[in-house]
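Chemist: Got a structure for you, upload-v9.txt, holding compact mmCIF, C-alpha atoms.
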# COMPACT_ATOMS: atom_id res chain seq x y z
CA MET A 17 1.92 -19.76 42.66
CA ALA A 18 4.69 -19.40 40.02
CA GLY A 19 2.97 -22.03 37.85
CA THR A 20 -0.31 -20.11 38.06
CA SER A 21 1.36 -16.82 37.11
CA SER A 22 3.07 -18.31 34.08
CA GLY A 23 -0.23 -19.95 33.04
CA ILE A 24 -2.02 -16.62 33.25
CA VAL A 25 0.73 -14.93 31.23
CA ALA A 26 0.58 -17.70 28.62
CA GLY A 27 -3.21 -17.39 28.42
CA LEU A 28 -3.08 -13.60 28.06
CA THR A 29 -0.39 -13.94 25.38
CA ALA A 30 -2.53 -16.42 23.43
CA VAL A 31 -5.55 -14.08 23.63
CA ALA A 32 -3.43 -11.12 22.47
CA VAL A 33 -1.97 -13.08 19.52
CA GLY A 34 -5.45 -14.27 18.55
CA THR A 35 -6.85 -10.74 18.75
CA VAL A 36 -4.06 -9.36 16.55
CA GLY A 37 -4.67 -12.14 14.02
CA LEU A 38 -8.41 -11.43 13.98
CA LEU A 39 -7.85 -7.69 13.54
CA ALA A 40 -5.39 -8.33 10.70
CA TYR A 41 -7.91 -10.61 9.00
CA GLN A 42 -10.69 -8.02 9.40
CA ALA A 43 -8.45 -5.24 8.06
CA HIS A 44 -7.61 -7.40 5.03
CA ALA A 45 -11.30 -8.22 4.51
CA ASP A 46 -12.20 -4.51 4.64
CA VAL A 47 -9.84 -3.71 1.74
CA PRO A 48 -11.74 -3.88 -1.57
CA ALA A 49 -10.73 -6.85 -3.71
CA SER A 50 -9.47 -4.48 -6.39
CA LEU A 51 -6.91 -3.14 -3.92
CA ARG A 52 -5.74 -6.37 -2.30
CA ALA A 53 -2.93 -7.06 -4.75
CA PRO A 54 -0.87 -4.65 -6.81
CA SER A 55 -2.22 -4.51 -10.31
CA ALA A 56 -0.86 -2.99 -13.48
CA SER A 57 -4.35 -2.57 -14.90
CA ALA A 58 -6.22 0.67 -14.42
CA SER A 59 -9.44 0.73 -12.46
CA PRO A 60 -12.53 2.02 -14.30
CA SER A 61 -12.36 5.33 -12.38
CA VAL A 62 -8.79 6.06 -13.46
CA ALA A 63 -7.90 7.21 -16.94
CA VAL A 64 -4.99 5.26 -18.44
CA THR A 65 -4.30 8.02 -20.94
CA LYS A 66 -2.78 11.28 -19.82
CA ALA A 67 -5.22 12.82 -17.35
CA PRO A 68 -6.50 16.29 -18.29
CA ARG A 69 -4.56 19.13 -16.69
CA ASP A 70 -5.56 22.68 -15.78
CA ARG A 71 -3.05 24.70 -17.82
CA ARG A 72 -3.54 27.76 -15.55
CA HIS A 73 -2.85 25.67 -12.42
CA PRO A 74 -0.29 22.98 -13.29
CA THR A 75 -0.16 21.68 -9.71
CA ALA A 76 -3.95 21.14 -9.57
CA LEU A 77 -5.11 17.55 -9.13
CA PRO A 78 -5.68 16.02 -12.60
CA ALA A 79 -9.24 15.02 -13.48
CA ASN A 80 -9.99 11.28 -13.65
CA SER A 81 -7.31 10.43 -11.08
CA GLY A 82 -9.51 8.34 -8.82
CA LYS A 83 -11.77 8.97 -5.85
CA GLY A 84 -11.37 9.04 -2.08
CA GLU A 85 -8.15 8.88 -0.08
CA ARG A 86 -5.18 8.15 -2.31
CA VAL A 87 -1.70 9.05 -3.49
CA VAL A 88 -1.72 10.19 -7.13
CA TYR A 89 1.56 9.93 -9.03
CA SER A 90 2.02 11.34 -12.54
CA VAL A 91 4.90 9.64 -14.34
CA ASP A 92 4.85 12.29 -17.10
CA ASP A 93 4.80 15.31 -14.79
CA ASP A 94 6.99 13.83 -12.00
CA ARG A 95 4.45 15.06 -9.45
CA VAL A 96 2.61 13.56 -6.48
CA TRP A 97 -0.68 14.58 -4.87
CA LEU A 98 -1.74 13.39 -1.40
CA VAL A 99 -5.56 13.38 -1.51
CA ASP A 100 -7.75 12.93 1.59
CA ASP A 101 -10.95 10.87 1.76
CA HIS A 102 -13.00 13.95 0.80
CA GLY A 103 -11.05 14.44 -2.44
CA ARG A 104 -9.09 17.45 -1.13
CA VAL A 105 -5.41 17.77 -1.97
CA ARG A 106 -3.48 17.84 1.30
CA ARG A 107 -0.10 18.29 -0.37
CA THR A 108 1.46 18.21 -3.82
CA PHE A 109 5.13 18.13 -4.73
CA GLY A 110 7.57 17.32 -7.48
CA VAL A 111 9.65 14.14 -7.41
CA HIS A 112 12.71 12.68 -9.15
CA PRO A 113 11.81 9.25 -10.58
CA GLY A 114 14.10 6.25 -10.81
CA GLY A 115 14.92 4.52 -14.07
CA VAL A 116 11.89 2.19 -13.96
CA ASP A 117 8.35 3.60 -14.10
CA PRO A 118 5.22 1.81 -12.92
CA ALA A 119 2.45 1.31 -15.47
CA PRO A 120 -0.58 3.59 -15.12
CA GLY A 121 -3.19 1.97 -12.90
CA SER A 122 -4.33 1.45 -9.34
CA TYR A 123 -2.09 -0.02 -6.66
CA TRP A 124 -1.89 0.16 -2.88
CA VAL A 125 0.89 0.64 -0.33
CA THR A 126 2.26 -2.85 0.35
CA SER A 127 5.24 -2.18 2.63
CA ARG A 128 7.20 0.59 4.33
CA SER A 129 10.68 1.00 5.83
CA ASN A 130 11.82 3.83 8.05
CA ALA A 131 15.46 3.82 6.85
CA ILE A 132 17.38 1.63 4.37
CA THR A 133 20.05 1.85 1.69
CA GLY A 134 18.45 2.46 -1.71
CA SER A 135 19.24 0.34 -4.75
CA ASP A 136 21.38 3.26 -5.97
CA GLY A 137 23.56 2.99 -2.85
CA LEU A 138 22.23 6.12 -1.12
CA PRO A 139 20.80 6.00 2.39
CA VAL A 140 17.07 6.75 2.21
CA GLU A 141 14.27 7.16 4.71
CA HIS A 142 10.49 6.90 4.79
CA VAL A 143 10.29 4.30 2.04
CA VAL A 144 6.71 3.64 0.85
CA ARG A 145 6.50 0.73 -1.64
CA PHE A 146 3.55 -0.05 -3.88
CA THR A 147 4.51 -2.38 -6.76
CA THR A 148 7.25 -4.29 -8.58
CA VAL A 149 8.11 -4.03 -12.29
CA ASP A 150 10.30 -6.78 -13.78
CA GLY A 151 11.84 -7.52 -10.39
CA VAL A 152 12.42 -3.83 -9.53
CA THR A 153 10.56 -2.59 -6.47
CA ILE A 154 8.81 0.76 -6.99
CA GLY A 155 8.24 3.18 -4.14
CA PHE A 156 8.68 6.67 -2.76
CA SER A 157 11.65 7.64 -0.56
CA ALA A 158 13.76 10.58 0.57
CA ALA A 159 17.55 10.57 0.43
CA THR A 160 19.11 11.41 3.79
CA ARG A 161 22.14 13.04 2.14
CA ASN A 162 22.45 15.65 -0.59
CA GLU A 163 19.41 15.01 -2.81
CA ASN A 164 21.19 16.29 -5.92
CA GLU A 165 24.01 13.79 -5.52
CA PRO A 166 24.24 11.61 -8.63
CA ALA A 167 23.16 7.99 -8.35
CA GLU A 168 25.78 5.26 -8.27
CA PRO A 169 26.87 3.98 -11.70
CA GLY A 170 24.63 1.21 -13.03
CA SER A 171 21.66 2.29 -10.92
CA SER A 172 19.39 3.15 -13.84
CA ARG A 173 17.21 0.14 -12.94
CA THR A 174 16.03 1.73 -9.71
CA GLY A 175 12.40 2.10 -8.77
CA GLY A 176 13.00 4.76 -6.14
CA ILE A 177 10.85 7.84 -6.67
CA ARG A 178 12.78 10.45 -4.68
CA GLU A 179 11.20 13.21 -2.64
CA THR A 180 12.68 15.96 -0.50
CA ARG A 181 12.90 15.10 3.18
CA PRO A 182 9.90 17.32 4.12
CA ASP A 183 7.84 15.76 1.32
CA GLY A 184 9.04 12.30 2.39
CA ASN A 185 7.86 13.02 5.95
CA ALA A 186 4.43 14.04 4.61
CA MET A 187 4.23 10.87 2.46
CA TRP A 188 5.27 8.73 5.46
CA GLN A 189 2.50 10.19 7.61
CA PHE A 190 -0.12 9.87 4.85
CA ALA A 191 0.63 6.65 2.95
CA THR A 192 0.22 3.81 5.43
CA ILE A 193 -0.23 0.15 4.45
CA GLY A 194 -3.29 -0.27 2.22
CA VAL A 195 -3.62 3.36 1.08
CA PRO A 196 -4.35 3.41 -2.67
CA VAL A 197 -1.70 4.70 -5.09
CA VAL A 198 -3.02 5.82 -8.47
CA VAL A 199 -0.43 6.10 -11.23
CA ILE A 200 -1.36 8.30 -14.19
CA ARG A 201 0.47 9.56 -17.27
Would it be possible to restate this file's structure as structure tokens?
Modeler:
Amino acid sequence: MAGTSSGIVAGLTAVAVGTVGLLAYQAHADVPASLRAPSASASPSVAVTKAPRDRRHPTALPANSGKGERVVYSVDDDRVWLVDDHGRVRRTFGVHPGGVDPAPGSYWVTSRSNAITGSDGLPVEHVVRFTTVDGVTIGFSAATRNENEPAEPGSSRTGGIRETRPDGNAMWQFATIGVPVVVIR
């Protein structure tokens, strides 16, 4: 009887592993080819030049910043917009960029970490990564200590785009693996 039980468990485990593999393959296949790998080139729907702004509403979503569900990040304005699949802004907030900026273009969330030590030596949480520039990983995160604390000396080559903890929580909930990130000027 023990041999039968272990055989059943082994069979169920094999089916579960196969199912997870199939679902992962299907999820990858459902991601448009333009979003499968981080790219420094802009998609046709995203303006590489500075996107037009509404001067009366500086926090309004810039025109030509993509379509559908996405995170929009303006490197010139140090601002992020979380946009749902209907094009509605769910949240917008200011950020403090690291010393390395991503090029304007379309990317997608490639990895996430709940809590790590940032490249500047500060403990951070809700890390959402989307590209690498010259060996520096670029992503959003929230410092778990005093956000105004200066970075460690020599940390100017960081790719951490810092948010407040409440904004970091919102980003963490919104920007799961595969969600597009549109970088604009």
Chemist: Which of these, A:Asp183, A:Glu141, A:Asp136, A:Glu85, has the shortest distance to Arg107 of chain A once you count only C-alpha atoms?
Modeler: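 The shortest atom-to-atom distance to Arg107 of chain A comes from A:Asp183.
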Chemist: Please report, as lines of an AutoDock Vina configuration file, the centre and edge lengths in Å to one decimal of an axis-aligned box covering all listed atoms of segment 88-97 of chain A with 3 Å per side.
Modeler:
center_x = 2.6
center_y = 12.5
center_z = -11.0
size_x = 14.7
size_y = 11.7
size_z = 18.2
Chemist: By how many Å are atom CA of Asp92 of chain A and atom CA of Asp117 of chain A apart?
Modeler: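 Distance between the two atoms: 9.8 Å.
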Chemist: Please determine, counting all atoms listed in the file, which residue among A:Arg72, A:Leu77, A:Phe156, A:Thr147 has the shortest atom-to-atom distance to Arg106 of chain A.
Modeler: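 So, comparing all the options, the nearest one is A:Leu77.
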Chemist: To one decimal in Å, tell me the separation between atom CA of Gln189 of chain A and atom CA of Asp150 of chain A.
Modeler: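 Result for atom CA of Gln189 of chain A versus atom CA of Asp150 of chain A: 28.4 Å, one decimal.
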Chemist: What is the atom CA of Trp97 of chain A to atom CA of Gly151 of chain A distance in Å?
Modeler: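 Computing the Euclidean distance for atom CA of Trp97 of chain A and atom CA of Gly151 of chain A yields 26.0 Å.
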Chemist: Which one of A:Leu98, A:Ala158, A:Val149, A:Ile193 sits closest to Ser127 of chain A if you count all atoms listed in the file?
Modeler: A:Ile193
Chemist: So, counting all atoms listed in the file, which residue among A:Lys83, A:Arg161, A:Arg178, A:His102 is closest to His142 of chain A?
Modeler: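 Using all atoms listed in the file, the shortest distance to His142 of chain A belongs to A:Arg178.
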Chemist: If we count all atoms listed in the file and set the cut-off at 7 Å, which residues sit around Thr126 of chain A, ignoring sequence neighbours fewer than 6 positions away in its own chain? Please answer as an MDAnalysis selection string.
Modeler: chainID A and resid 145:146 193:194
